$ cat model.pdb   # PDB, C-alpha atoms and all ligand atoms
MODEL        1
ATOM      1  CA  MET A 188       0.000   0.000   0.000
ATOM      2  CA  SER A 189       1.214   3.513  -0.746
ATOM      3  CA  LYS A 190       2.688   5.751   1.938
ATOM      4  CA  VAL A 191       0.329   7.956   4.014
ATOM      5  CA  SER A 192       0.471  11.388   2.426
ATOM      6  CA  GLY A 193       1.180  14.485   4.512
ATOM      7  CA  ASN A 194      -1.430  16.993   5.652
ATOM      8  CA  LEU A 195      -1.661  20.443   4.124
ATOM      9  CA  PHE A 196      -2.103  23.438   6.477
ATOM     10  CA  VAL A 197      -2.814  27.029   5.499
ATOM     11  CA  ILE A 198      -1.804  29.551   8.154
ATOM     12  CA  ALA A 199      -3.085  33.084   7.524
ATOM     13  CA  ALA A 200      -3.129  36.273   9.581
ATOM     14  CA  PRO A 201      -2.788  40.014   9.213
ATOM     15  CA  SER A 202       0.829  40.978   8.634
ATOM     16  CA  GLY A 203       2.682  41.089  11.981
ATOM     17  CA  ALA A 204       0.295  38.828  13.947
ATOM     18  CA  GLY A 205       3.100  36.293  14.302
ATOM     19  CA  LYS A 206       2.353  33.446  11.892
ATOM     20  CA  SER A 207       5.917  33.044  10.519
ATOM     21  CA  SER A 208       7.368  33.059  14.049
ATOM     22  CA  MET A 209       4.838  30.426  15.170
ATOM     23  CA  ILE A 210       5.558  28.147  12.196
ATOM     24  CA  ASP A 211       9.336  28.518  12.750
ATOM     25  CA  ALA A 212       8.942  27.630  16.438
ATOM     26  CA  LEU A 213       6.850  24.567  15.596
ATOM     27  CA  LEU A 214       9.397  23.386  13.005
ATOM     28  CA  ARG A 215      12.167  23.758  15.610
ATOM     29  CA  ARG A 216      10.190  21.436  17.929
ATOM     30  CA  HIS A 217       9.997  18.818  15.128
ATOM     31  CA  ARG A 218      13.376  18.743  13.478
ATOM     32  CA  LYS A 219      13.087  15.242  11.999
ATOM     33  CA  GLY A 220      11.659  16.441   8.706
ATOM     34  CA  SER A 221       8.060  15.415   9.373
ATOM     35  CA  MET A 222       6.850  18.950   8.587
ATOM     36  CA  GLN A 223       7.988  21.687   6.268
ATOM     37  CA  VAL A 224       7.031  25.240   5.325
ATOM     38  CA  SER A 225       6.611  26.007   1.648
ATOM     39  CA  VAL A 226       8.940  28.743   0.346
ATOM     40  CA  SER A 227       6.872  31.124  -1.789
ATOM     41  CA  THR A 228       7.960  33.131  -4.822
ATOM     42  CA  THR A 229       7.520  36.907  -4.602
ATOM     43  CA  THR A 230       8.178  40.110  -6.485
ATOM     44  CA  ARG A 231       8.717  41.942  -3.152
ATOM     45  CA  LYS A 232      12.291  43.105  -2.491
ATOM     46  CA  PRO A 233      14.189  41.141   0.193
ATOM     47  CA  ARG A 234      14.234  42.620   3.707
ATOM     48  CA  PRO A 235      17.587  42.896   5.472
ATOM     49  CA  GLY A 236      18.715  39.373   6.359
ATOM     50  CA  GLU A 237      16.268  37.603   4.025
ATOM     51  CA  LYS A 238      17.905  35.000   1.767
ATOM     52  CA  ASP A 239      16.816  33.935  -1.704
ATOM     53  CA  GLY A 240      15.531  30.356  -1.596
ATOM     54  CA  GLU A 241      15.233  30.356   2.178
ATOM     55  CA  HIS A 242      12.654  33.046   3.023
ATOM     56  CA  TYR A 243      11.336  33.500  -0.506
ATOM     57  CA  PHE A 244      12.377  33.023  -4.103
ATOM     58  CA  PHE A 245      12.763  36.667  -5.123
ATOM     59  CA  VAL A 246      11.955  37.304  -8.793
ATOM     60  CA  ASP A 247      10.981  40.268 -10.975
ATOM     61  CA  GLU A 248       7.420  40.790 -12.168
ATOM     62  CA  GLU A 249       8.049  39.481 -15.687
ATOM     63  CA  THR A 250       9.476  36.197 -14.367
ATOM     64  CA  PHE A 251       6.578  35.843 -11.920
ATOM     65  CA  LEU A 252       3.952  36.330 -14.621
ATOM     66  CA  GLN A 253       5.733  33.819 -16.898
ATOM     67  CA  GLN A 254       5.517  31.290 -14.068
ATOM     68  CA  VAL A 255       1.798  32.047 -13.687
ATOM     69  CA  ASP A 256       1.292  31.379 -17.419
ATOM     70  CA  ALA A 257       3.274  28.141 -17.182
ATOM     71  CA  GLY A 258       0.898  26.953 -14.420
ATOM     72  CA  ASN A 259       3.740  26.690 -11.890
ATOM     73  CA  PHE A 260       1.715  28.056  -8.972
ATOM     74  CA  TYR A 261      -0.737  26.181  -6.801
ATOM     75  CA  GLU A 262      -2.137  29.575  -5.837
ATOM     76  CA  HIS A 263      -1.009  33.156  -6.276
ATOM     77  CA  ALA A 264      -2.219  36.601  -5.255
ATOM     78  CA  LYS A 265      -1.295  40.254  -5.172
ATOM     79  CA  VAL A 266      -0.729  41.346  -1.564
ATOM     80  CA  PHE A 267       0.389  44.897  -0.637
ATOM     81  CA  ASP A 268       1.136  45.627  -4.348
ATOM     82  CA  HIS A 269       3.472  42.639  -4.774
ATOM     83  CA  TYR A 270       2.845  39.217  -6.251
ATOM     84  CA  TYR A 271       3.223  36.085  -4.127
ATOM     85  CA  GLY A 272       2.785  32.459  -5.223
ATOM     86  CA  THR A 273       3.071  28.893  -3.932
ATOM     87  CA  SER A 274       4.978  26.391  -6.057
ATOM     88  CA  ARG A 275       2.747  23.589  -7.300
ATOM     89  CA  HIS A 276       5.327  20.821  -7.581
ATOM     90  CA  VAL A 277       6.806  21.445  -4.120
ATOM     91  CA  ILE A 278       3.382  21.026  -2.512
ATOM     92  CA  GLU A 279       2.492  17.929  -4.492
ATOM     93  CA  ASP A 280       5.894  16.211  -4.103
ATOM     94  CA  THR A 281       6.285  17.038  -0.414
ATOM     95  CA  LEU A 282       2.797  15.874   0.549
ATOM     96  CA  ALA A 283       3.286  12.681  -1.479
ATOM     97  CA  SER A 284       6.470  11.953   0.482
ATOM     98  CA  GLY A 285       4.443  11.897   3.721
ATOM     99  CA  VAL A 286       5.583  15.286   5.037
ATOM    100  CA  ASP A 287       3.096  17.855   6.421
ATOM    101  CA  VAL A 288       3.284  21.194   4.602
ATOM    102  CA  PHE A 289       2.527  24.692   5.949
ATOM    103  CA  LEU A 290       1.532  27.530   3.656
ATOM    104  CA  ASP A 291       2.054  31.001   5.164
ATOM    105  CA  ILE A 292      -0.281  32.826   2.788
ATOM    106  CA  ASP A 293      -3.043  35.450   2.736
ATOM    107  CA  TRP A 294      -6.831  34.918   2.644
ATOM    108  CA  GLN A 295      -7.011  35.134  -1.174
ATOM    109  CA  GLY A 296      -4.515  32.297  -1.504
ATOM    110  CA  ALA A 297      -6.340  30.342   1.212
ATOM    111  CA  ARG A 298      -9.537  30.488  -0.837
ATOM    112  CA  GLN A 299      -7.773  29.146  -3.926
ATOM    113  CA  VAL A 300      -6.162  26.303  -1.969
ATOM    114  CA  LYS A 301      -9.502  25.349  -0.369
ATOM    115  CA  ALA A 302     -11.076  25.135  -3.820
ATOM    116  CA  ALA A 303      -8.225  22.991  -5.226
ATOM    117  CA  TYR A 304      -7.634  20.827  -2.135
ATOM    118  CA  PRO A 305     -10.748  20.356   0.016
ATOM    119  CA  GLY A 306      -8.799  18.292   2.582
ATOM    120  CA  VAL A 307      -6.678  21.315   3.573
ATOM    121  CA  HIS A 308      -6.728  22.438   7.233
ATOM    122  CA  THR A 309      -6.981  26.217   7.585
ATOM    123  CA  VAL A 310      -5.850  28.227  10.596
ATOM    124  CA  PHE A 311      -6.275  31.972  11.140
ATOM    125  CA  ILE A 312      -4.031  33.778  13.626
ATOM    126  CA  LEU A 313      -5.435  36.882  15.336
ATOM    127  CA  PRO A 314      -3.430  39.434  17.328
ATOM    128  CA  PRO A 315      -4.773  40.231  20.819
ATOM    129  CA  SER A 316      -5.453  43.871  19.776
ATOM    130  CA  ASN A 317      -4.794  46.352  16.985
ATOM    131  CA  ALA A 318      -2.354  48.246  19.202
ATOM    132  CA  GLU A 319      -0.339  45.056  19.797
ATOM    133  CA  LEU A 320      -0.383  44.272  16.067
ATOM    134  CA  GLU A 321       1.140  47.672  15.299
ATOM    135  CA  ARG A 322       3.675  47.245  18.118
ATOM    136  CA  ARG A 323       4.783  43.899  16.609
ATOM    137  CA  LEU A 324       5.181  45.397  13.143
ATOM    138  CA  ARG A 325       7.354  48.121  14.702
ATOM    139  CA  ILE A 326       9.504  45.841  16.896
ATOM    140  CA  ARG A 327      10.174  43.609  13.907
ATOM    141  CA  GLY A 328      11.999  46.687  12.652
ATOM    142  CA  GLN A 329      12.029  45.658   8.985
ATOM    143  CA  ASP A 330       9.418  47.886   7.401
ATOM    144  CA  SER A 331       9.248  51.673   6.944
ATOM    145  CA  ASP A 332       6.575  53.765   8.712
ATOM    146  CA  GLU A 333       4.739  54.020   5.400
ATOM    147  CA  VAL A 334       4.727  50.241   4.860
ATOM    148  CA  ILE A 335       3.564  49.685   8.463
ATOM    149  CA  ALA A 336       0.732  52.196   8.020
ATOM    150  CA  ARG A 337      -0.408  50.390   4.851
ATOM    151  CA  ARG A 338      -0.239  46.982   6.508
ATOM    152  CA  MET A 339      -2.276  48.261   9.488
ATOM    153  CA  ALA A 340      -4.853  49.745   7.134
ATOM    154  CA  LYS A 341      -5.170  46.372   5.355
ATOM    155  CA  ALA A 342      -5.303  44.353   8.584
ATOM    156  CA  GLN A 343      -9.034  45.004   9.122
ATOM    157  CA  HIS A 344      -9.831  43.699   5.653
ATOM    158  CA  GLU A 345      -7.677  40.596   6.182
ATOM    159  CA  MET A 346      -9.220  39.881   9.618
ATOM    160  CA  ALA A 347     -12.739  40.187   8.205
ATOM    161  CA  HIS A 348     -12.066  36.796   6.530
ATOM    162  CA  TYR A 349     -11.383  34.876   9.756
ATOM    163  CA  GLY A 350     -14.752  33.052   9.431
ATOM    164  CA  GLU A 351     -13.505  31.232   6.302
ATOM    165  CA  PHE A 352     -10.951  29.308   8.402
ATOM    166  CA  GLY A 353     -11.390  26.049  10.292
ATOM    167  CA  TYR A 354      -9.369  27.070  13.374
ATOM    168  CA  ILE A 355      -8.681  30.403  15.078
ATOM    169  CA  ILE A 356      -5.729  31.057  17.387
ATOM    170  CA  VAL A 357      -5.364  34.353  19.278
ATOM    171  CA  ASN A 358      -1.610  34.787  19.464
ATOM    172  CA  GLU A 359      -1.206  36.443  22.845
ATOM    173  CA  VAL A 360       1.284  34.337  24.832
ATOM    174  CA  PHE A 361       3.647  33.038  22.166
ATOM    175  CA  ASP A 362       4.414  29.565  23.571
ATOM    176  CA  ASP A 363       0.712  28.891  24.251
ATOM    177  CA  SER A 364      -0.095  29.788  20.643
ATOM    178  CA  VAL A 365       2.591  27.415  19.339
ATOM    179  CA  ASP A 366       1.158  24.698  21.626
ATOM    180  CA  GLN A 367      -2.275  25.246  20.084
ATOM    181  CA  LEU A 368      -0.902  25.061  16.552
ATOM    182  CA  GLU A 369       1.053  21.913  17.429
ATOM    183  CA  HIS A 370      -2.082  20.318  18.867
ATOM    184  CA  ILE A 371      -3.995  20.966  15.631
ATOM    185  CA  VAL A 372      -1.192  19.535  13.481
ATOM    186  CA  LEU A 373      -0.552  16.430  15.586
ATOM    187  CA  SER A 374      -4.234  15.612  16.059
ATOM    188  CA  GLN A 375      -4.795  15.775  12.303
ATOM    189  CA  ARG A 376      -1.783  13.509  11.762
ATOM    190  CA  LEU A 377      -3.129  10.971  14.258
ATOM    191  CA  ARG A 378      -6.540  11.103  12.607
ATOM    192  CA  ARG A 379      -5.019  10.398   9.197
ATOM    193  CA  SER A 380      -2.913   7.480  10.471
ATOM    194  CA  LYS A 381      -5.929   5.915  12.182
ATOM    195  CA  GLN A 382      -7.913   6.279   8.973
ATOM    196  CA  GLN A 383      -5.104   4.631   7.022
ATOM    197  CA  ILE A 384      -4.890   1.684   9.459
ATOM    198  CA  ARG A 385      -8.654   1.210   9.174
ATOM    199  CA  TYR A 386      -8.460   1.210   5.356
ATOM    200  CA  ARG A 387      -5.678  -1.399   5.521
ATOM    201  CA  GLU A 388      -7.771  -3.654   7.785
ATOM    202  CA  ILE A 389     -10.815  -3.365   5.537
ATOM    203  CA  LEU A 390      -8.776  -4.029   2.402
ATOM    204  CA  GLN A 391      -7.084  -7.060   3.966
ATOM    205  CA  ASP A 392     -10.515  -8.515   4.804
ATOM    206  CA  LEU A 393     -11.943  -7.728   1.394
ATOM    207  CA  LEU A 394      -9.010  -9.183  -0.533
ATOM    208  CA  ALA A 395      -8.838 -12.302   1.639
ATOM    209  CA  GLU A 396     -12.394 -13.307   0.688
TER
HETATM  210  N1  LIG B   1       2.877  36.281  20.956
HETATM  211  C1  LIG B   1       3.758  37.242  20.635
HETATM  212  N2  LIG B   1       4.096  38.172  21.555
HETATM  213  C2  LIG B   1       4.967  39.166  21.256
HETATM  214  N3  LIG B   1       5.601  39.309  20.054
HETATM  215  C3  LIG B   1       5.305  38.394  19.093
HETATM  216  C4  LIG B   1       4.379  37.333  19.333
HETATM  217  N4  LIG B   1       4.284  36.599  18.190
HETATM  218  C5  LIG B   1       5.116  37.168  17.294
HETATM  219  N5  LIG B   1       5.738  38.248  17.835
HETATM  220  C6  LIG B   1       6.682  39.168  17.175
HETATM  221  O1  LIG B   1       5.928  39.970  16.274
HETATM  222  C7  LIG B   1       6.708  40.288  15.108
HETATM  223  C8  LIG B   1       5.936  39.876  13.846
HETATM  224  O2  LIG B   1       5.896  38.447  13.771
HETATM  225  P1  LIG B   1       5.987  37.658  12.374
HETATM  226  O3  LIG B   1       7.044  38.249  11.499
HETATM  227  O4  LIG B   1       6.070  36.211  12.714
HETATM  228  O5  LIG B   1       4.547  38.023  11.771
HETATM  229  P2  LIG B   1       3.825  37.506  10.438
HETATM  230  O6  LIG B   1       2.384  37.315  10.777
HETATM  231  O7  LIG B   1       4.524  36.340   9.872
HETATM  232  O8  LIG B   1       3.993  38.774   9.483
HETATM  233  P3  LIG B   1       4.070  38.827   7.835
HETATM  234  O9  LIG B   1       2.756  38.382   7.332
HETATM  235  O10 LIG B   1       4.323  40.267   7.556
HETATM  236  O11 LIG B   1       5.196  37.938   7.385
HETATM  237  C9  LIG B   1       8.059  39.573  15.274
HETATM  238  O12 LIG B   1       8.998  40.491  15.787
HETATM  239  C10 LIG B   1       7.728  38.480  16.301
HETATM  240  O13 LIG B   1       8.874  38.114  17.059
HETATM  241  N1  LIG B   2      -1.430  34.250  -1.433
HETATM  242  C1  LIG B   2      -0.164  34.222  -0.985
HETATM  243  N2  LIG B   2       0.200  35.040   0.033
HETATM  244  C2  LIG B   2       1.460  34.950   0.467
HETATM  245  C3  LIG B   2       2.403  34.063  -0.078
HETATM  246  N3  LIG B   2       3.591  34.217   0.561
HETATM  247  C4  LIG B   2       3.376  35.163   1.500
HETATM  248  N4  LIG B   2       2.099  35.602   1.449
HETATM  249  C5  LIG B   2       1.453  36.607   2.306
HETATM  250  O1  LIG B   2       1.853  37.912   1.940
HETATM  251  C6  LIG B   2       1.765  38.764   3.082
HETATM  252  C7  LIG B   2       3.001  39.619   3.202
HETATM  253  O2  LIG B   2       4.146  38.832   3.450
HETATM  254  P1  LIG B   2       5.559  39.537   3.743
HETATM  255  O3  LIG B   2       6.556  38.415   3.839
HETATM  256  O4  LIG B   2       5.820  40.464   2.603
HETATM  257  O5  LIG B   2       5.404  40.268   5.050
HETATM  258  C8  LIG B   2       1.556  37.842   4.302
HETATM  259  O6  LIG B   2       0.171  37.877   4.649
HETATM  260  C9  LIG B   2       1.897  36.485   3.760
HETATM  261  O7  LIG B   2       1.201  35.443   4.421
HETATM  262  C10 LIG B   2       1.984  33.214  -1.143
HETATM  263  O8  LIG B   2       2.736  32.383  -1.709
HETATM  264  N5  LIG B   2       0.698  33.325  -1.555
ENDMDL
END

$ encode --input "model.pdb" --output "structure tokens"
Amino acid sequence: MSKVSGNLFVIAAPSGAGKSSMIDALLRRHRKGSMQVSVSTTTRKPRPGEKDGEHYFFVDEETFLQQVDAGNFYEHAKVFDHYYGTSRHVIEDTLASGVDVFLDIDWQGARQVKAAYPGVHTVFILPPSNAELERRLRIRGQDSDEVIARRMAKAQHEMAHYGEFGYIIVNEVFDDSVDQLEHIVLSQRLRRSKQQIRYREILQDLLAE
């Protein structure tokens, strides 16, 4: 029988709510390669310290649109005036190898993934308050005042989509939020393994007759 495929998780939030930090912390707890975050392609310029191929694949707009035409993206969207997209083959190959995959994407991308992959698990991360969201964008220290103002202005619109997600986590105390995310991921993994064992038992019975 074929290997159990990995679970796909979409993690969305307004910019600065803490989703990338939470995913990083969860991956550090599970270093054995059982879960992985998908590296998106973007036309945004790298922030200080961001590495091509590690945080994003940084490309120009022409290259991005060629990749759209070639059907290379599982989903793509324009967020804050830049294009972002999730590589199709990475998702398909990684899930097929039994590894859980996280997509750190916006609500538009989440909608596309839900339509293409109904088995996806979707999680929305909320900040405890607007003031704390702005504080986090500032302490991250990687965006100009203008960029922060635009991200805050867009946050309301992003948060209005929370009802489209299967799980909500309010990221107040960081470690508690990572615990909640871990619980969601591990319980879905257990569920899938149990399902697979049950299928095996049924098939063994059926084929033995
Ligand atoms: N629970 C928390 N308490 C305090 N600070 C936090 C918490 N969670 C995250 N942060 C901090 O908030 C800042 C923004 O977090 P992060 O970059 O993970 O946000 P994000 O949602 O991934 O944003 P973007 O969508 O722009 O990539 C970081 O400096 C991070 O360390
Ligand atoms: N639809 C997609 N959204 C994406 C993707 N990669 C990142 N994002 C979202 O963009 C904003 C801004 O990210 P930043 O790194 O510039 O701060 C954030 O909400 C990300 O989740 C993607 O491939 N598709």

$ residues_around --input "model.pdb" --residues "Thr229 (chain A)" --least-positions-apart "3" --cutoff "9 Å" --atoms "all atoms listed in the file" --output "PyMOL selection string"
chain A and resi 232+243-248+251+269-272

$ resolve_selection --input "model.pdb" --expression "the PyMOL selection byres (((chain A and resi 267) around 8) and not hetatm)" --output "list in words"
Lys265, Val266, Asp268, His269, Arg337 and Arg338 of chain A

$ closest_residue --input "model.pdb" --among "A:Ile335, A:Ile356, A:Leu195, A:Val224" --to "Glu279 (chain A)" --atoms "all atoms listed in the file"
A:Leu195

$ axis_aligned_box --input "model.pdb" --around "ligand LIG 2 (chain B)" --padding-each-side "4 Å" --output "AutoDock Vina command-line options"
--center_x 2.6 --center_y 36.4 --center_z 1.7 --size_x 16.0 --size_y 16.1 --size_z 14.8

$ residues_around --input "model.pdb" --residues "Arg216 (chain A)" --least-positions-apart "5" --cutoff "10 Å" --atoms "all atoms listed in the file" --output "list in words"
Ile210, Asp211, Val365 and Glu369 of chain A

$ write_last_selection --input "model.pdb" --atoms "C-alpha atoms" --output "PDB file, in the frame of the given file"
ATOM      1  CA  ILE A 210       5.558  28.147  12.196  1.00  0.00           C
ATOM      2  CA  ASP A 211       9.336  28.518  12.750  1.00  0.00           C
ATOM      3  CA  VAL A 365       2.591  27.415  19.339  1.00  0.00           C
ATOM      4  CA  GLU A 369       1.053  21.913  17.429  1.00  0.00           C
TER       5      GLU A 369
END

$ atom_distance --input "model.pdb" --atom1 "CA of Ile326 (chain A)" --atom2 "atom C4 of ligand LIG 1 (chain B)"
10.2 Å

$ residues_near_ligand --input "model.pdb" --ligand "ligand LIG 2 (chain B)" --cutoff "9 Å" --atoms "all atoms listed in the file" --output "PyMOL selection string"
chain A and resi 198-203+206-207+225-229+231-234+242-243+260-267+269-274+290-299+330+338+345

$ closest_residue --input "model.pdb" --among "A:Gln367, A:Gln329, A:Gln383, A:Asn194" --to "ligand LIG 1 (chain B)" --atoms "all atoms listed in the file"
A:Gln329

$ resolve_selection --input "model.pdb" --expression "the PyMOL selection byres (((chain A and resi 358) around 7) and not hetatm)" --output "compact mmCIF listing (two decimals) with C-alpha atoms, in the coordinates of the input"
# COMPACT_ATOMS: atom_id res chain seq x y z
CA ILE A 312 -4.03 33.78 13.63
CA LEU A 313 -5.44 36.88 15.34
CA PRO A 314 -3.43 39.43 17.33
CA PRO A 315 -4.77 40.23 20.82
CA ILE A 356 -5.73 31.06 17.39
CA VAL A 357 -5.36 34.35 19.28
CA GLU A 359 -1.21 36.44 22.84
CA VAL A 360 1.28 34.34 24.83
CA PHE A 361 3.65 33.04 22.17
CA SER A 364 -0.10 29.79 20.64

$ atom_distance --input "model.pdb" --atom1 "CA of Val307 (chain A)" --atom2 "CA of His348 (chain A)"
16.7 Å

$ atom_distance --input "model.pdb" --atom1 "atom O9 of ligand LIG 1 (chain B)" --atom2 "CA of Val288 (chain A)"
17.4 Å

$ closest_residue --input "model.pdb" --among "A:Ala257, A:Ala204, A:Val286, A:Ala342" --to "Val372 (chain A)" --atoms "all atoms listed in the file"
A:Val286

$ closest_residue --input "model.pdb" --among "A:Leu320, A:Leu214, A:Val197, A:Ala302" --to "ligand LIG 1 (chain B)" --atoms "all atoms listed in the file"
A:Leu320

$ resolve_selection --input "model.pdb" --expression "the PyMOL selection byres (((chain A and resi 353) around 8) and not hetatm)" --output "mmCIF file with C-alpha atoms, in the coordinates of the input"
data_model
loop_
_atom_site.group_PDB
_atom_site.id
_atom_site.type_symbol
_atom_site.label_atom_id
_atom_site.label_comp_id
_atom_site.auth_asym_id
_atom_site.auth_seq_id
_atom_site.Cartn_x
_atom_site.Cartn_y
_atom_site.Cartn_z
ATOM 1 C CA HIS A 308 -6.728 22.438 7.233
ATOM 2 C CA THR A 309 -6.981 26.217 7.585
ATOM 3 C CA VAL A 310 -5.850 28.227 10.596
ATOM 4 C CA PHE A 311 -6.275 31.972 11.140
ATOM 5 C CA GLY A 350 -14.752 33.052 9.431
ATOM 6 C CA GLU A 351 -13.505 31.232 6.302
ATOM 7 C CA PHE A 352 -10.951 29.308 8.402
ATOM 8 C CA TYR A 354 -9.369 27.070 13.374
ATOM 9 C CA ILE A 355 -8.681 30.403 15.078
#

$ closest_residue --input "model.pdb" --among "A:Arg275, A:Arg376, A:Asp256, A:Val300" --to "Met222 (chain A)" --atoms "only C-alpha atoms"
A:Arg376

$ closest_residue --input "model.pdb" --among "A:Leu252, A:Val191, A:Val277, A:Met346" --to "ligand LIG 1 (chain B)" --atoms "all atoms listed in the file"
A:Met346

$ decode --input "model.pdb" --residues "region 298-356 of chain A" --atoms "C-alpha atoms" --output "compact mmCIF listing (two decimals), in the first residue's frame"
# COMPACT_ATOMS: atom_id res chain seq x y z
CA ARG A 298 -9.54 30.49 -0.84
CA GLN A 299 -7.77 29.15 -3.93
CA VAL A 300 -6.16 26.30 -1.97
CA LYS A 301 -9.50 25.35 -0.37
CA ALA A 302 -11.08 25.13 -3.82
CA ALA A 303 -8.22 22.99 -5.23
CA TYR A 304 -7.63 20.83 -2.13
CA PRO A 305 -10.75 20.36 0.02
CA GLY A 306 -8.80 18.29 2.58
CA VAL A 307 -6.68 21.32 3.57
CA HIS A 308 -6.73 22.44 7.23
CA THR A 309 -6.98 26.22 7.59
CA VAL A 310 -5.85 28.23 10.60
CA PHE A 311 -6.28 31.97 11.14
CA ILE A 312 -4.03 33.78 13.63
CA LEU A 313 -5.44 36.88 15.34
CA PRO A 314 -3.43 39.43 17.33
CA PRO A 315 -4.77 40.23 20.82
CA SER A 316 -5.45 43.87 19.78
CA ASN A 317 -4.79 46.35 16.98
CA ALA A 318 -2.35 48.25 19.20
CA GLU A 319 -0.34 45.06 19.80
CA LEU A 320 -0.38 44.27 16.07
CA GLU A 321 1.14 47.67 15.30
CA ARG A 322 3.67 47.24 18.12
CA ARG A 323 4.78 43.90 16.61
CA LEU A 324 5.18 45.40 13.14
CA ARG A 325 7.35 48.12 14.70
CA ILE A 326 9.50 45.84 16.90
CA ARG A 327 10.17 43.61 13.91
CA GLY A 328 12.00 46.69 12.65
CA GLN A 329 12.03 45.66 8.98
CA ASP A 330 9.42 47.89 7.40
CA SER A 331 9.25 51.67 6.94
CA ASP A 332 6.58 53.76 8.71
CA GLU A 333 4.74 54.02 5.40
CA VAL A 334 4.73 50.24 4.86
CA ILE A 335 3.56 49.68 8.46
CA ALA A 336 0.73 52.20 8.02
CA ARG A 337 -0.41 50.39 4.85
CA ARG A 338 -0.24 46.98 6.51
CA MET A 339 -2.28 48.26 9.49
CA ALA A 340 -4.85 49.75 7.13
CA LYS A 341 -5.17 46.37 5.36
CA ALA A 342 -5.30 44.35 8.58
CA GLN A 343 -9.03 45.00 9.12
CA HIS A 344 -9.83 43.70 5.65
CA GLU A 345 -7.68 40.60 6.18
CA MET A 346 -9.22 39.88 9.62
CA ALA A 347 -12.74 40.19 8.21
CA HIS A 348 -12.07 36.80 6.53
CA TYR A 349 -11.38 34.88 9.76
CA GLY A 350 -14.75 33.05 9.43
CA GLU A 351 -13.51 31.23 6.30
CA PHE A 352 -10.95 29.31 8.40
CA GLY A 353 -11.39 26.05 10.29
CA TYR A 354 -9.37 27.07 13.37
CA ILE A 355 -8.68 30.40 15.08
CA ILE A 356 -5.73 31.06 17.39
